[in-house]
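Containing PDB, C-alpha atoms and all ligand atoms: final_18.pdb.
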```pdb
ATOM      1  CA  MET L   1       0.000   0.000   0.000
ATOM      2  CA  ALA L   2       1.399   3.398  -0.990
ATOM      3  CA  VAL L   3       1.158   5.897   1.820
ATOM      4  CA  ASN L   4       1.889   9.601   1.549
ATOM      5  CA  ALA L   5       3.510  11.920   4.083
ATOM      6  CA  HIS L   6       0.186  12.373   5.860
ATOM      7  CA  GLY L   7      -0.200   8.639   6.286
ATOM      8  CA  LEU L   8      -2.972   8.672   3.711
ATOM      9  CA  ARG L   9      -3.443   6.004   1.097
ATOM     10  CA  TRP L  10      -3.084   7.561  -2.359
ATOM     11  CA  ASN L  11      -3.555   4.492  -4.498
ATOM     12  CA  GLY L  12      -6.312   1.967  -4.610
ATOM     13  CA  ILE L  13     -10.023   2.705  -4.579
ATOM     14  CA  THR L  14     -10.614   6.333  -5.563
ATOM     15  CA  ASP L  15     -14.018   6.561  -3.949
ATOM     16  CA  ALA L  16     -12.935   5.206  -0.582
ATOM     17  CA  GLY L  17     -12.826   7.617   2.341
ATOM     18  CA  ILE L  18     -13.932  11.232   2.751
ATOM     19  CA  SER L  19     -13.399  13.326  -0.350
ATOM     20  CA  THR L  20     -11.434  16.304   0.824
ATOM     21  CA  PHE L  21      -9.431  17.907  -1.987
ATOM     22  CA  MET L  22      -6.979  15.209  -3.158
ATOM     23  CA  LYS L  23      -7.766  13.452   0.140
ATOM     24  CA  ALA L  24      -5.583  16.006   1.908
ATOM     25  CA  PRO L  25      -6.074  16.442   5.668
ATOM     26  CA  TRP L  26      -9.173  18.405   6.624
ATOM     27  CA  ILE L  27      -8.596  21.346   8.953
ATOM     28  CA  GLU L  28     -11.958  22.776  10.008
ATOM     29  CA  MET L  29     -11.426  26.514  10.508
ATOM     30  CA  GLY L  30     -14.811  27.275  12.066
ATOM     31  CA  SER L  31     -16.225  29.673   9.427
ATOM     32  CA  PRO L  32     -17.955  32.106   9.861
ATOM     33  CA  VAL L  33     -15.998  32.778  13.072
ATOM     34  CA  ILE L  34     -12.480  31.561  12.358
ATOM     35  CA  LYS L  35     -10.736  30.079  15.371
ATOM     36  CA  LYS L  36      -7.353  31.691  16.033
ATOM     37  CA  GLU L  37      -5.823  28.400  17.115
ATOM     38  CA  LYS L  38      -6.658  26.994  13.689
ATOM     39  CA  ILE L  39      -4.567  29.673  11.992
ATOM     40  CA  GLU L  40      -1.793  28.677  14.374
ATOM     41  CA  GLU L  41      -2.324  25.034  13.465
ATOM     42  CA  LEU L  42      -1.884  25.792   9.752
ATOM     43  CA  ARG L  43       1.334  27.646  10.553
ATOM     44  CA  GLU L  44       2.677  24.939  12.832
ATOM     45  CA  LYS L  45       2.012  22.274  10.236
ATOM     46  CA  GLY L  46       3.905  24.324   7.659
ATOM     47  CA  VAL L  47       0.917  24.430   5.283
ATOM     48  CA  LYS L  48       1.877  26.252   2.089
ATOM     49  CA  ALA L  49      -1.372  25.762   0.168
ATOM     50  CA  ALA L  50      -4.893  25.383   1.526
ATOM     51  CA  VAL L  51      -7.987  24.648  -0.525
ATOM     52  CA  PHE L  52     -11.451  25.728   0.547
ATOM     53  CA  GLY L  53     -14.863  25.983  -1.066
ATOM     54  CA  ILE L  54     -17.320  28.857  -1.339
ATOM     55  CA  PRO L  55     -20.540  27.006  -2.212
ATOM     56  CA  PHE L  56     -22.405  30.110  -3.358
ATOM     57  CA  ASP L  57     -24.543  30.566  -6.483
ATOM     58  CA  GLY L  58     -26.979  33.136  -5.138
ATOM     59  CA  THR L  59     -26.586  35.678  -7.966
ATOM     60  CA  THR L  60     -26.272  33.219 -10.851
ATOM     61  CA  THR L  61     -28.018  34.467 -13.978
ATOM     62  CA  SER L  62     -28.665  31.247 -15.909
ATOM     63  CA  ARG L  63     -27.810  27.606 -15.127
ATOM     64  CA  VAL L  64     -27.751  27.543 -11.335
ATOM     65  CA  GLY L  65     -26.065  24.876  -9.260
ATOM     66  CA  SER L  66     -22.456  25.928  -8.768
ATOM     67  CA  SER L  67     -23.132  25.855  -5.014
ATOM     68  CA  SER L  68     -22.618  22.115  -5.501
ATOM     69  CA  GLY L  69     -19.343  22.804  -7.321
ATOM     70  CA  PRO L  70     -16.958  22.417  -4.363
ATOM     71  CA  ARG L  71     -18.314  18.981  -3.532
ATOM     72  CA  ALA L  72     -18.117  17.823  -7.171
ATOM     73  CA  ILE L  73     -14.601  19.190  -7.629
ATOM     74  CA  ARG L  74     -13.438  17.550  -4.390
ATOM     75  CA  HIS L  75     -14.859  14.224  -5.531
ATOM     76  CA  ALA L  76     -13.172  14.561  -8.922
ATOM     77  CA  SER L  77      -9.885  15.592  -7.266
ATOM     78  CA  CYS L  78      -9.651  12.163  -5.644
ATOM     79  CA  TYR L  79      -8.884  10.763  -9.104
ATOM     80  CA  TYR L  80      -5.593  12.669  -9.009
ATOM     81  CA  ASP L  81      -2.464  11.536  -7.248
ATOM     82  CA  SER L  82       0.244  13.556  -5.503
ATOM     83  CA  TYR L  83       3.241  12.751  -7.711
ATOM     84  CA  HIS L  84       3.620  14.801 -10.918
ATOM     85  CA  HIS L  85       6.209  13.441 -13.273
ATOM     86  CA  ASP L  86       6.608  16.663 -15.312
ATOM     87  CA  TYR L  87       8.037  18.294 -12.210
ATOM     88  CA  GLY L  88       9.332  15.255 -10.324
ATOM     89  CA  VAL L  89       7.487  16.456  -7.231
ATOM     90  CA  TYR L  90       5.044  15.104  -4.646
ATOM     91  CA  MET L  91       2.846  18.187  -4.621
ATOM     92  CA  ALA L  92       0.686  17.412  -1.569
ATOM     93  CA  GLU L  93       3.679  16.607   0.596
ATOM     94  CA  GLU L  94       5.766  19.537  -0.669
ATOM     95  CA  LEU L  95       2.946  22.020  -0.071
ATOM     96  CA  LYS L  96       1.672  20.320   3.103
ATOM     97  CA  LEU L  97      -1.627  20.639   1.278
ATOM     98  CA  CYS L  98      -4.758  20.764   3.395
ATOM     99  CA  ASP L  99      -8.486  21.260   2.856
ATOM    100  CA  CYS L 100     -10.095  23.918   5.064
ATOM    101  CA  GLY L 101     -13.666  22.923   4.250
ATOM    102  CA  ASP L 102     -16.190  25.491   3.044
ATOM    103  CA  SER L 103     -16.749  29.054   4.155
ATOM    104  CA  TYR L 104     -20.138  29.813   5.657
ATOM    105  CA  ILE L 105     -22.911  30.965   3.339
ATOM    106  CA  GLU L 106     -25.519  33.418   4.568
ATOM    107  CA  VAL L 107     -28.393  32.366   2.344
ATOM    108  CA  GLY L 108     -29.668  35.289   0.265
ATOM    109  CA  ASP L 109     -26.876  37.655   1.326
ATOM    110  CA  VAL L 110     -24.092  37.982  -1.220
ATOM    111  CA  ASN L 111     -22.106  40.581   0.729
ATOM    112  CA  LYS L 112     -21.998  38.606   3.972
ATOM    113  CA  SER L 113     -21.259  35.363   2.142
ATOM    114  CA  MET L 114     -18.320  36.958   0.298
ATOM    115  CA  GLN L 115     -17.056  38.474   3.551
ATOM    116  CA  TYR L 116     -17.049  35.050   5.223
ATOM    117  CA  GLY L 117     -15.143  33.679   2.231
ATOM    118  CA  ALA L 118     -12.697  36.598   2.476
ATOM    119  CA  ASP L 119     -12.229  35.935   6.205
ATOM    120  CA  LEU L 120     -11.292  32.324   5.556
ATOM    121  CA  ALA L 121      -8.908  33.250   2.727
ATOM    122  CA  ALA L 122      -7.420  35.952   4.980
ATOM    123  CA  SER L 123      -6.790  33.383   7.730
ATOM    124  CA  ILE L 124      -4.935  31.171   5.273
ATOM    125  CA  LEU L 125      -2.822  34.122   4.122
ATOM    126  CA  LYS L 126      -2.100  35.060   7.744
ATOM    127  CA  ALA L 127      -0.832  31.520   8.307
ATOM    128  CA  GLY L 128       1.626  32.078   5.459
ATOM    129  CA  ALA L 129      -0.166  29.744   3.034
ATOM    130  CA  MET L 130      -1.683  30.258  -0.400
ATOM    131  CA  PRO L 131      -5.495  30.232  -0.487
ATOM    132  CA  ILE L 132      -7.093  28.220  -3.287
ATOM    133  CA  ILE L 133     -10.813  28.787  -3.675
ATOM    134  CA  ILE L 134     -13.156  26.331  -5.357
ATOM    135  CA  GLY L 135     -16.468  27.850  -6.484
ATOM    136  CA  GLY L 136     -19.198  28.526  -6.439
ATOM    137  CA  GLU L 137     -20.065  31.230  -8.947
ATOM    138  CA  HIS L 138     -17.528  33.778 -10.119
ATOM    139  CA  THR L 139     -18.426  36.352  -7.473
ATOM    140  CA  VAL L 140     -16.201  34.339  -5.111
ATOM    141  CA  SER L 141     -13.112  35.941  -6.711
ATOM    142  CA  LEU L 142     -14.047  39.038  -4.773
ATOM    143  CA  ALA L 143     -13.558  37.064  -1.545
ATOM    144  CA  GLY L 144     -10.035  36.049  -2.607
ATOM    145  CA  ALA L 145      -9.143  39.587  -3.669
ATOM    146  CA  LYS L 146     -10.633  41.120  -0.520
ATOM    147  CA  ALA L 147      -8.486  38.838   1.631
ATOM    148  CA  ILE L 148      -5.367  40.039  -0.188
ATOM    149  CA  ASP L 149      -6.559  43.618   0.244
ATOM    150  CA  GLN L 150      -7.085  43.070   3.979
ATOM    151  CA  VAL L 151      -3.977  41.060   4.833
ATOM    152  CA  LEU L 152      -1.141  41.824   2.430
ATOM    153  CA  GLU L 153       0.761  45.067   1.923
ATOM    154  CA  GLY L 154       1.370  46.468  -1.520
ATOM    155  CA  ARG L 155      -0.170  46.534  -4.950
ATOM    156  CA  TYR L 156      -1.767  43.604  -6.792
ATOM    157  CA  GLY L 157      -2.804  42.550 -10.258
ATOM    158  CA  LEU L 158      -5.362  40.094 -11.603
ATOM    159  CA  ILE L 159      -5.285  37.445 -14.323
ATOM    160  CA  HIS L 160      -8.863  36.579 -15.197
ATOM    161  CA  PHE L 161      -9.663  33.676 -17.565
ATOM    162  CA  ASP L 162     -13.285  33.900 -18.631
ATOM    163  CA  CYS L 163     -15.637  34.038 -21.579
ATOM    164  CA  HIS L 164     -16.931  37.208 -19.960
ATOM    165  CA  LEU L 165     -15.438  40.477 -18.725
ATOM    166  CA  ASP L 166     -17.482  40.357 -15.493
ATOM    167  CA  ALA L 167     -16.956  44.105 -15.474
ATOM    168  CA  ASP L 168     -20.458  45.506 -15.037
ATOM    169  CA  PRO L 169     -19.585  48.930 -13.597
ATOM    170  CA  ASP L 170     -23.053  49.549 -12.088
ATOM    171  CA  THR L 171     -22.515  50.174  -8.376
ATOM    172  CA  SER L 172     -26.196  50.790  -7.606
ATOM    173  CA  ARG L 173     -26.754  47.111  -6.864
ATOM    174  CA  SER L 174     -24.919  44.356  -4.985
ATOM    175  CA  VAL L 175     -21.960  42.595  -6.535
ATOM    176  CA  TYR L 176     -22.890  39.574  -8.690
ATOM    177  CA  HIS L 177     -21.092  37.146 -10.959
ATOM    178  CA  GLY L 178     -21.071  39.671 -13.781
ATOM    179  CA  SER L 179     -19.484  42.514 -11.840
ATOM    180  CA  GLN L 180     -16.770  41.163  -9.560
ATOM    181  CA  VAL L 181     -13.907  42.290 -11.830
ATOM    182  CA  ALA L 182     -15.205  45.863 -11.547
ATOM    183  CA  ALA L 183     -15.591  45.390  -7.781
ATOM    184  CA  ILE L 184     -12.033  44.037  -7.421
ATOM    185  CA  SER L 185     -10.688  47.030  -9.349
ATOM    186  CA  ARG L 186     -12.172  49.290  -6.674
ATOM    187  CA  LEU L 187     -10.256  47.602  -3.848
ATOM    188  CA  GLU L 188      -7.444  49.788  -2.620
ATOM    189  CA  SER L 189      -4.563  47.431  -3.286
ATOM    190  CA  PHE L 190      -5.678  46.345  -6.768
ATOM    191  CA  SER L 191      -4.849  48.485  -9.792
ATOM    192  CA  SER L 192      -6.739  48.143 -13.062
ATOM    193  CA  GLN L 193      -3.583  48.673 -15.135
ATOM    194  CA  ASN L 194      -2.420  45.326 -13.767
ATOM    195  CA  PHE L 195      -5.536  43.424 -14.857
ATOM    196  CA  ALA L 196      -5.221  40.944 -17.723
ATOM    197  CA  LEU L 197      -8.500  39.449 -18.976
ATOM    198  CA  ILE L 198      -8.285  36.414 -21.263
ATOM    199  CA  GLY L 199     -10.775  34.552 -23.460
ATOM    200  CA  MET L 200     -13.697  36.946 -23.985
ATOM    201  CA  ARG L 201     -16.158  36.151 -26.746
ATOM    202  CA  GLY L 202     -19.860  36.011 -27.491
ATOM    203  CA  THR L 203     -22.474  38.642 -26.877
ATOM    204  CA  LEU L 204     -22.883  38.536 -23.106
ATOM    205  CA  ASN L 205     -20.344  41.326 -22.708
ATOM    206  CA  ALA L 206     -22.265  44.602 -22.814
ATOM    207  CA  LYS L 207     -20.767  47.689 -24.436
ATOM    208  CA  GLU L 208     -20.650  49.401 -21.026
ATOM    209  CA  TYR L 209     -18.374  46.603 -19.754
ATOM    210  CA  TRP L 210     -15.981  46.959 -22.689
ATOM    211  CA  ASP L 211     -15.941  50.745 -22.181
ATOM    212  CA  PHE L 212     -15.225  50.309 -18.470
ATOM    213  CA  VAL L 213     -12.358  47.876 -19.123
ATOM    214  CA  GLU L 214     -10.860  50.236 -21.679
ATOM    215  CA  ASN L 215     -11.266  53.392 -19.582
ATOM    216  CA  GLU L 216      -9.747  51.648 -16.565
ATOM    217  CA  GLY L 217      -6.702  50.645 -18.587
ATOM    218  CA  MET L 218      -7.194  46.896 -18.194
ATOM    219  CA  THR L 219      -5.663  44.639 -20.856
ATOM    220  CA  CYS L 220      -8.061  42.313 -22.623
ATOM    221  CA  PHE L 221      -7.029  39.319 -24.716
ATOM    222  CA  SER L 222     -10.332  38.557 -26.411
ATOM    223  CA  MET L 223     -10.674  35.149 -28.063
ATOM    224  CA  ARG L 224      -9.902  36.781 -31.443
ATOM    225  CA  LYS L 225      -6.723  38.265 -30.032
ATOM    226  CA  PHE L 226      -5.870  34.939 -28.388
ATOM    227  CA  LEU L 227      -6.082  33.197 -31.776
ATOM    228  CA  GLU L 228      -3.875  35.879 -33.288
ATOM    229  CA  LEU L 229      -1.154  35.696 -30.618
ATOM    230  CA  GLY L 230      -1.300  32.090 -29.428
ATOM    231  CA  PRO L 231      -1.103  30.877 -25.813
ATOM    232  CA  ASN L 232       2.625  31.492 -25.273
ATOM    233  CA  LYS L 233       2.561  35.159 -26.231
ATOM    234  CA  VAL L 234      -0.698  35.745 -24.360
ATOM    235  CA  MET L 235       0.770  34.205 -21.229
ATOM    236  CA  GLU L 236       3.954  36.212 -21.504
ATOM    237  CA  GLN L 237       2.078  39.490 -22.007
ATOM    238  CA  ALA L 238      -0.569  38.745 -19.330
ATOM    239  CA  LEU L 239       2.125  38.011 -16.743
ATOM    240  CA  GLU L 240       3.912  41.213 -17.740
ATOM    241  CA  VAL L 241       0.675  43.177 -17.182
ATOM    242  CA  ALA L 242      -0.109  41.501 -13.846
ATOM    243  CA  THR L 243       3.384  41.728 -12.373
ATOM    244  CA  LYS L 244       4.712  45.079 -13.615
ATOM    245  CA  GLY L 245       5.225  47.184 -10.508
ATOM    246  CA  THR L 246       3.115  44.870  -8.360
ATOM    247  CA  ASP L 247       3.872  42.814  -5.281
ATOM    248  CA  GLY L 248       1.804  39.951  -6.588
ATOM    249  CA  PHE L 249      -1.239  38.876  -8.554
ATOM    250  CA  TYR L 250      -4.405  36.850  -8.064
ATOM    251  CA  LEU L 251      -5.516  34.310 -10.635
ATOM    252  CA  SER L 252      -9.100  33.415 -11.454
ATOM    253  CA  ILE L 253     -10.262  30.727 -13.869
ATOM    254  CA  ASP L 254     -13.910  30.614 -14.915
ATOM    255  CA  MET L 255     -14.511  27.223 -16.521
ATOM    256  CA  ASP L 256     -16.447  28.895 -19.338
ATOM    257  CA  VAL L 257     -13.182  30.249 -20.737
ATOM    258  CA  LEU L 258     -12.921  26.773 -22.251
ATOM    259  CA  GLU L 259     -14.732  25.691 -25.384
ATOM    260  CA  SER L 260     -18.255  24.572 -24.428
ATOM    261  CA  ALA L 261     -17.580  21.019 -25.659
ATOM    262  CA  TYR L 262     -15.152  20.506 -22.753
ATOM    263  CA  VAL L 263     -17.295  22.012 -20.024
ATOM    264  CA  PRO L 264     -20.964  21.014 -20.238
ATOM    265  CA  GLY L 265     -21.288  21.820 -16.540
ATOM    266  CA  ALA L 266     -19.989  25.385 -16.806
ATOM    267  CA  GLU L 267     -22.737  27.793 -15.807
ATOM    268  CA  ALA L 268     -22.548  29.939 -18.947
ATOM    269  CA  PHE L 269     -20.859  27.530 -21.346
ATOM    270  CA  THR L 270     -20.175  29.127 -24.710
ATOM    271  CA  PRO L 271     -18.678  27.865 -27.966
ATOM    272  CA  PHE L 272     -15.462  29.114 -29.616
ATOM    273  CA  GLY L 273     -13.339  29.006 -26.446
ATOM    274  CA  LEU L 274      -9.849  27.839 -25.485
ATOM    275  CA  THR L 275      -9.060  24.163 -25.795
ATOM    276  CA  VAL L 276      -8.185  22.368 -22.572
ATOM    277  CA  ARG L 277      -4.705  21.823 -23.982
ATOM    278  CA  GLU L 278      -4.186  25.525 -24.701
ATOM    279  CA  LEU L 279      -5.100  26.386 -21.119
ATOM    280  CA  TRP L 280      -2.971  23.520 -19.782
ATOM    281  CA  SER L 281       0.041  24.785 -21.732
ATOM    282  CA  MET L 282      -0.215  28.118 -19.914
ATOM    283  CA  LEU L 283      -0.485  26.732 -16.375
ATOM    284  CA  PRO L 284       3.170  25.865 -15.577
ATOM    285  CA  GLU L 285       4.318  29.443 -16.025
ATOM    286  CA  ILE L 286       1.487  30.958 -13.968
ATOM    287  CA  GLY L 287       1.536  28.308 -11.255
ATOM    288  CA  SER L 288       5.264  28.586 -10.698
ATOM    289  CA  HIS L 289       5.367  32.388 -10.792
ATOM    290  CA  LYS L 290       6.712  33.712  -7.498
ATOM    291  CA  LYS L 291       4.200  36.577  -7.490
ATOM    292  CA  LEU L 292       1.128  34.326  -7.558
ATOM    293  CA  VAL L 293      -0.574  34.848  -4.179
ATOM    294  CA  GLY L 294      -3.809  32.904  -4.583
ATOM    295  CA  PHE L 295      -6.270  31.574  -7.127
ATOM    296  CA  ASP L 296      -9.752  30.277  -7.732
ATOM    297  CA  VAL L 297     -11.485  27.922 -10.160
ATOM    298  CA  VAL L 298     -15.200  28.629 -10.499
ATOM    299  CA  GLU L 299     -18.582  28.107 -12.159
ATOM    300  CA  VAL L 300     -18.985  24.325 -12.133
ATOM    301  CA  SER L 301     -22.674  23.365 -12.011
ATOM    302  CA  PRO L 302     -22.495  19.575 -11.522
ATOM    303  CA  HIS L 303     -26.188  19.071 -12.319
ATOM    304  CA  TYR L 304     -25.520  20.091 -15.932
ATOM    305  CA  ASP L 305     -22.237  18.187 -16.120
ATOM    306  CA  HIS L 306     -21.725  14.960 -18.093
ATOM    307  CA  SER L 307     -19.597  12.138 -16.773
ATOM    308  CA  GLU L 308     -17.950  14.546 -14.300
ATOM    309  CA  LEU L 309     -16.129  16.122 -17.256
ATOM    310  CA  THR L 310     -16.254  19.717 -16.026
ATOM    311  CA  ALA L 311     -15.482  18.808 -12.407
ATOM    312  CA  MET L 312     -12.584  16.569 -13.495
ATOM    313  CA  THR L 313     -11.167  19.359 -15.644
ATOM    314  CA  ALA L 314     -11.573  21.930 -12.860
ATOM    315  CA  ALA L 315      -9.817  19.617 -10.395
ATOM    316  CA  GLY L 316      -7.128  18.908 -12.997
ATOM    317  CA  ILE L 317      -6.447  22.622 -13.484
ATOM    318  CA  ILE L 318      -5.956  23.038  -9.731
ATOM    319  CA  VAL L 319      -3.697  19.981  -9.583
ATOM    320  CA  GLU L 320      -1.529  21.330 -12.423
ATOM    321  CA  LEU L 321      -1.198  24.696 -10.688
ATOM    322  CA  LEU L 322      -0.357  22.990  -7.382
ATOM    323  CA  ALA L 323       2.315  20.873  -9.039
ATOM    324  CA  ALA L 324       3.905  23.939 -10.625
ATOM    325  CA  ARG L 325       3.776  25.755  -7.304
ATOM    326  CA  ALA L 326       5.248  22.798  -5.414
ATOM    327  CA  SER L 327       8.031  22.500  -7.936
ATOM    328  CA  SER L 328       8.917  26.201  -7.687
ATOM    329  CA  LEU L 329       9.044  25.976  -3.863
ATOM    330  CA  ALA L 330      11.086  22.792  -3.987
ATOM    331  CA  GLY L 331      13.566  24.877  -5.999
TER     332      GLY L 331
HETATM  333 MN    MN Y 401     -17.000  34.742 -14.924
END
```
If you convert what's in this file into structure tokens, what do you get?
Amino acid sequence: MAVNAHGLRWNGITDAGISTFMKAPWIEMGSPVIKKEKIEELREKGVKAAVFGIPFDGTTTSRVGSSSGPRAIRHASCYYDSYHHDYGVYMAEELKLCDCGDSYIEVGDVNKSMQYGADLAASILKAGAMPIIIGGEHTVSLAGAKAIDQVLEGRYGLIHFDCHLDADPDTSRSVYHGSQVAAISRLESFSSQNFALIGMRGTLNAKEYWDFVENEGMTCFSMRKFLELGPNKVMEQALEVATKGTDGFYLSIDMDVLESAYVPGAEAFTPFGLTVRELWSMLPEIGSHKKLVGFDVVEVSPHYDHSELTAMTAAGIIVELLAARASSLAG
């Protein structure tokens, strides 16, 4: 029997046991009121990456159900093992990976729910670890960014993979999964000039959003531009945008950035997107970048999924980023 550093069995029956992310140890933080001793526990255990879920889909505009996303992604993650041959690293052991459960959801209250998510991400940052958020709808990026704003000093950028700009500038209503990029840009430590948005296409991006993105000085690699430049150049330029003059950047991946054929369970799946392989080819460079401070993977609605395809891909994206991160820390 193969046993990892946590004494967990990594091989054998995938569905055996409790499905935390990659079967990593579960550290229950106590959301909504985070226990201080739990932050200490993360620090003492030397945790460098901690996954948690924000099971929120309360502002979803079409195919609801991403509140079940964290559970589906955790289940799918159990199909992945800790050793990654491309990097020659045992990622879970190297990162002392743990699963901090889900942040508390105040049903019907997007602001409170995002604050609870931000509090949990902030606790992970305070413990010196990288927060990894599994959604939930795309609004949850605001929780990750807010935590950075609250805990870390300095200036931050954003790399946002999405079919949509999510840049509805209307401040007269609560944040929703079409406006969190605009909301993040208003946080003190985030600067729009360091925002790189990748994969936009289709007609669900209103003219006002495009105008906002342009006026704010964000850089957008629409799908047309992506085809023109190719993944390598886009990655190079996006990292340049997100890291120039910043202390770090946050990464967000909406599953609908991918071609709809790969992600039947994505909330707003749309044709003409990135292939899984194109996205995969970009992950080593982002995941290993020393300025990456946290990331999320969002918008998996398992009820629309087929054969766990979207959840498996979402889990796979996280695993690839973790492996790259582990490898960069291992030196
Ligand atoms: Mn989105």
**Report entry** Given only C-alpha atoms as the counted atoms, nearest of L:Ala315, L:Leu158, L:Leu204, L:Ile13 to Pro70 of chain L
**Finding:**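 Selected residue with least distance to Pro70 of chain L: L:Ala315.
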Report task. Within 8 Å of ligand MN 401 (chain Y), which residues show up when you count only C-alpha atoms and all ligand atoms? List them as a list in words, please. Result ->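 Counting only C-alpha atoms and all ligand atoms, the residues within 8 Å of ligand MN 401 (chain Y) come out as Glu137, His138, Thr139, Phe161, Asp162, Cys163, His164, Leu165, Asp166, His177, Gly178, Ile253, Asp254, Asp256, Val298 and Glu299 of chain L.
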Query raised in the report: Pick the closest to Ser174 of chain L from L:Val297, L:Met114, L:Leu120, L:Leu197: which is it, counting all atoms listed in the file?
Result: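 Nearest candidate to Ser174 of chain L out of L:Val297, L:Met114, L:Leu120, L:Leu197: L:Met114.
For Ser281 of chain L, the list of residues within 12 Å, based on all atoms listed in the file and with local chain neighbours fewer than 6 positions off taken out, reads Gly230, Pro231, Asn232, Lys233, Val234, Met235, Leu274, Thr275, Gly287, Ile317, Glu320, Leu321 and Ala324 of chain L.
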Requested in this report: For the structure shown, which residues end up in the PyMOL selection byres (((chain L and resi 237) around 12) and not hetatm)? Put them as a ChimeraX atom specification, please?
Outcome: /L:159,194-198,219-221,225-226,229-236,238-244,282,285-286
Report task. Name the residues captured by the PyMOL selection byres (((chain L and resi 328-330) around 8) and not hetatm) when it is applied to the shown file; answer as a list in words. Result -> Val89, Glu94, Ser288, His289, Lys290, Ala324, Arg325, Ala326, Ser327 and Gly331 of chain L
Query raised in the report: What does the distance between atom CA of Phe272 of chain L and atom CA of Arg201 of chain L come to in Å, to one decimal place?
Result: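 These atoms are spaced 7.6 Å apart.
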Query raised in the report: Hey, can you check how far atom CA of Pro25 of chain L sits from atom CA of Asp99 of chain L?
Result: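 Pair atom CA of Pro25 of chain L / atom CA of Asp99 of chain L returns 6.1 Å.
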Extract segment 38-55 of chain L from the structure I just pasted (atoms: C-alpha atoms) and return it as a short mmCIF file (atom, residue, chain, number, x, y, z; two decimals), in the first residue's frame.
```cif
data_model
loop_
_atom_site.label_atom_id
_atom_site.label_comp_id
_atom_site.auth_asym_id
_atom_site.auth_seq_id
_atom_site.Cartn_x
_atom_site.Cartn_y
_atom_site.Cartn_z
CA LYS L 38 -6.66 26.99 13.69
CA ILE L 39 -4.57 29.67 11.99
CA GLU L 40 -1.79 28.68 14.37
CA GLU L 41 -2.32 25.03 13.47
CA LEU L 42 -1.88 25.79 9.75
CA ARG L 43 1.33 27.65 10.55
CA GLU L 44 2.68 24.94 12.83
CA LYS L 45 2.01 22.27 10.24
CA GLY L 46 3.91 24.32 7.66
CA VAL L 47 0.92 24.43 5.28
CA LYS L 48 1.88 26.25 2.09
CA ALA L 49 -1.37 25.76 0.17
CA ALA L 50 -4.89 25.38 1.53
CA VAL L 51 -7.99 24.65 -0.53
CA PHE L 52 -11.45 25.73 0.55
CA GLY L 53 -14.86 25.98 -1.07
CA ILE L 54 -17.32 28.86 -1.34
CA PRO L 55 -20.54 27.01 -2.21
#
```
